[in-house]
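In what follows, a structure is listed as structure tokens, so that the remarks can point back to it.
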Amino acid sequence: MSDYSNYSIKTTGHSLGAALALLTALDLIKAGFEVSMYNFGQPRVGNKAFAQFATSKLSMFRVTHNKDIVPHIPVSLLRMEFYHSCIEIFENANEIVHSCDNNMEDGVCEDPNCADQYALRETNIEDHLTYLGIPIDCASVSN
């Protein structure tokens with residue numbers, strides 16, 4: 001490791017891959033590595049304590065796109081409360097990107113002016129398949 005002491009690790013993912021990138025980043029931090037994360041369309045991964053912990057340990061940017069359904073799941077049901085960690089970057093329908101209110105007092109990022117402005121019934125899968133103007137599908141990736 002001493003040969004790579006000036007290196008840092010960046011994890012990234014889309015959808016389920018984004019959730020795994022978050023868990024991997026936290027595991028790498030625990031092992032002593034310097035890690036940052038850039039995720040797209042990430043679902044909620046844990047409860048409030050987990051979101052606060054992840055926010056406190058990891059430099060991250062979690063990009064959401066307009067009415068993408070995936071950042072809204074899993075929904076909180078029957079005492080199973082799921083929350084997002086910070087920092088959320090929101091891309092609206094016109095592909096304009098801005099930072100959300102990432103100074104939530106309770107340490108979680110569920111900004112009602114960003115992805116959380118939409119109820120689950122208002123979301124769609126189409127917005128999950130394009131981020132920053134780039135289609136996210138097998139055909140696009142293979143080209």
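Every chain in the structure tokens takes a letter, A first, then B, and so on in the order presented; its residues are numbered from 1, and the ligands are numbered from 1 following the presented order.
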
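Omitting Asn47 in chain A and its sequence neighbours fewer than 4 positions away, and counting only C-alpha atoms, the residues within 6 Å are Glu81, Phe82 and Tyr83 of chain A.
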
**Report entry** Interatomic distance (Å, one decimal) between CA of His14 in chain A and CA of Ile136 in chain A
**Finding:**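 CA of Ile136 in chain A lies at a distance of 8.5 Å from CA of His14 in chain A.
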
Can you build me a table of range 113-134 of chain A residues sitting at most 12 Å from range 95-99 of chain A, with the closest atom pair per residue and its distance in Å to one decimal, using only C-alpha atoms, sorted by chain and residue number, as CSV?
```
residue,atom,partner,partner_atom,distance
A:Asn113,CA,A:Ser99,CA,10.4
A:Cys114,CA,A:Ser99,CA,8.7
A:Ala115,CA,A:Ser99,CA,11.3
A:Asp127,CA,A:Glu95,CA,10.8
A:Thr130,CA,A:Glu95,CA,10.0
A:Tyr131,CA,A:Glu95,CA,8.5
A:Leu132,CA,A:Glu95,CA,6.5
A:Gly133,CA,A:Glu95,CA,7.0
A:Ile134,CA,A:Glu95,CA,10.5
```

Query raised in the report: Which residue gives the smallest distance to Ala21 in chain A among A:Lys57, A:Arg62, A:Phe50, A:Met80, with only C-alpha atoms counted?
Result: A:Arg62

From a DSSP pass on the backbone, collect the residues of chain A flagged as helix (DSSP H, G or I) and hand them back as a PDB file with C-alpha atoms, in the first residue's frame.
```pdb
ATOM      1  CA  SER A   2       2.876   2.413   0.607  1.00  0.00           C
ATOM      2  CA  ASP A   3       3.486   2.549  -3.161  1.00  0.00           C
ATOM      3  CA  TYR A   4      -0.022   3.990  -3.628  1.00  0.00           C
ATOM      4  CA  LEU A  16     -28.680  -1.148  -7.459  1.00  0.00           C
ATOM      5  CA  GLY A  17     -25.057  -0.534  -8.453  1.00  0.00           C
ATOM      6  CA  ALA A  18     -25.258   2.806  -6.647  1.00  0.00           C
ATOM      7  CA  ALA A  19     -26.466   1.142  -3.451  1.00  0.00           C
ATOM      8  CA  LEU A  20     -23.611  -1.352  -3.704  1.00  0.00           C
ATOM      9  CA  ALA A  21     -21.130   1.472  -4.375  1.00  0.00           C
ATOM     10  CA  LEU A  22     -22.226   3.120  -1.106  1.00  0.00           C
ATOM     11  CA  LEU A  23     -21.797  -0.090   0.889  1.00  0.00           C
ATOM     12  CA  THR A  24     -18.451  -0.778  -0.782  1.00  0.00           C
ATOM     13  CA  ALA A  25     -17.217   2.748  -0.046  1.00  0.00           C
ATOM     14  CA  LEU A  26     -18.059   2.392   3.645  1.00  0.00           C
ATOM     15  CA  ASP A  27     -16.319  -0.996   3.758  1.00  0.00           C
ATOM     16  CA  LEU A  28     -13.200   0.490   2.140  1.00  0.00           C
ATOM     17  CA  ILE A  29     -13.201   3.406   4.599  1.00  0.00           C
ATOM     18  CA  LYS A  30     -13.362   0.930   7.470  1.00  0.00           C
ATOM     19  CA  LYS A  48     -31.915   7.297   9.620  1.00  0.00           C
ATOM     20  CA  ALA A  49     -28.951   6.184  11.749  1.00  0.00           C
ATOM     21  CA  PHE A  50     -27.346   4.565   8.694  1.00  0.00           C
ATOM     22  CA  ALA A  51     -27.904   7.687   6.544  1.00  0.00           C
ATOM     23  CA  GLN A  52     -26.376   9.903   9.245  1.00  0.00           C
ATOM     24  CA  PHE A  53     -23.422   7.529   9.634  1.00  0.00           C
ATOM     25  CA  ALA A  54     -22.768   7.382   5.873  1.00  0.00           C
ATOM     26  CA  THR A  55     -22.986  11.180   5.602  1.00  0.00           C
ATOM     27  CA  SER A  56     -20.483  11.595   8.435  1.00  0.00           C
ATOM     28  CA  LYS A  57     -17.952   9.109   6.997  1.00  0.00           C
ATOM     29  CA  VAL A  70     -35.719   4.512  -7.800  1.00  0.00           C
ATOM     30  CA  PRO A  71     -34.600   7.249  -5.332  1.00  0.00           C
ATOM     31  CA  HIS A  72     -38.114   6.972  -3.819  1.00  0.00           C
ATOM     32  CA  ALA A 115     -36.344  14.473  -5.879  1.00  0.00           C
ATOM     33  CA  ASP A 116     -38.508  14.306  -2.762  1.00  0.00           C
ATOM     34  CA  GLN A 117     -40.884  16.937  -4.201  1.00  0.00           C
ATOM     35  CA  LEU A 120     -44.270   7.942  -5.487  1.00  0.00           C
ATOM     36  CA  ARG A 121     -47.363   7.940  -7.738  1.00  0.00           C
ATOM     37  CA  GLU A 122     -45.848  10.840  -9.746  1.00  0.00           C
ATOM     38  CA  GLU A 126     -38.101   6.780 -17.919  1.00  0.00           C
ATOM     39  CA  ASP A 127     -36.228   9.349 -15.815  1.00  0.00           C
ATOM     40  CA  HIS A 128     -34.228   6.503 -14.293  1.00  0.00           C
ATOM     41  CA  LEU A 129     -32.886   5.538 -17.702  1.00  0.00           C
ATOM     42  CA  CYS A 138     -27.029  -1.822 -22.404  1.00  0.00           C
ATOM     43  CA  ALA A 139     -27.035  -0.523 -25.984  1.00  0.00           C
ATOM     44  CA  SER A 140     -25.610   2.847 -24.919  1.00  0.00           C
ATOM     45  CA  VAL A 141     -22.927   1.323 -22.728  1.00  0.00           C
ATOM     46  CA  SER A 142     -21.743  -1.121 -25.390  1.00  0.00           C
TER      47      SER A 142
END
```

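Per DSSP on the backbone, strand (DSSP E or B) in range 71-109 of chain A comprises A:Leu77, A:Met80, A:Tyr83, A:Glu88, A:Ile89, A:Phe90, A:Glu91, A:Val97, A:His98, A:Ser99.
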
Query raised in the report: So what do you get for CA of Gly46 in chain A versus CA of Ala93 in chain A, distance-wise?
Result: 27.5 Å

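Distances here use only C-alpha atoms; by that measure, the residue among A:Ala119, A:Lys10, A:Ser5, A:Met60 closest to Val75 in chain A is A:Ala119.
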
Query raised in the report: Could you pull the residues within 7 Å of His84 in chain A, counting only C-alpha atoms, minus those fewer than 5 positions along the same chain, as a PyMOL selection string?
Result: chain A and resi 44+51+108-110

Report task. List the neighbours of Phe61 in chain A out to 10 Å using only C-alpha atoms; skip same-chain residues closer than 4 positions along the sequence, and give me the result as a ChimeraX atom specification. Result -> /A:12,36-40,85-89,99

Query raised in the report: From the set A:His65, A:Gly32, A:Phe90, A:Ser76, which residue has the shortest atom-to-atom contact distance to Asp111 in chain A, counting only C-alpha atoms?
Result: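 Selected residue with least distance to Asp111 in chain A: A:Phe90.
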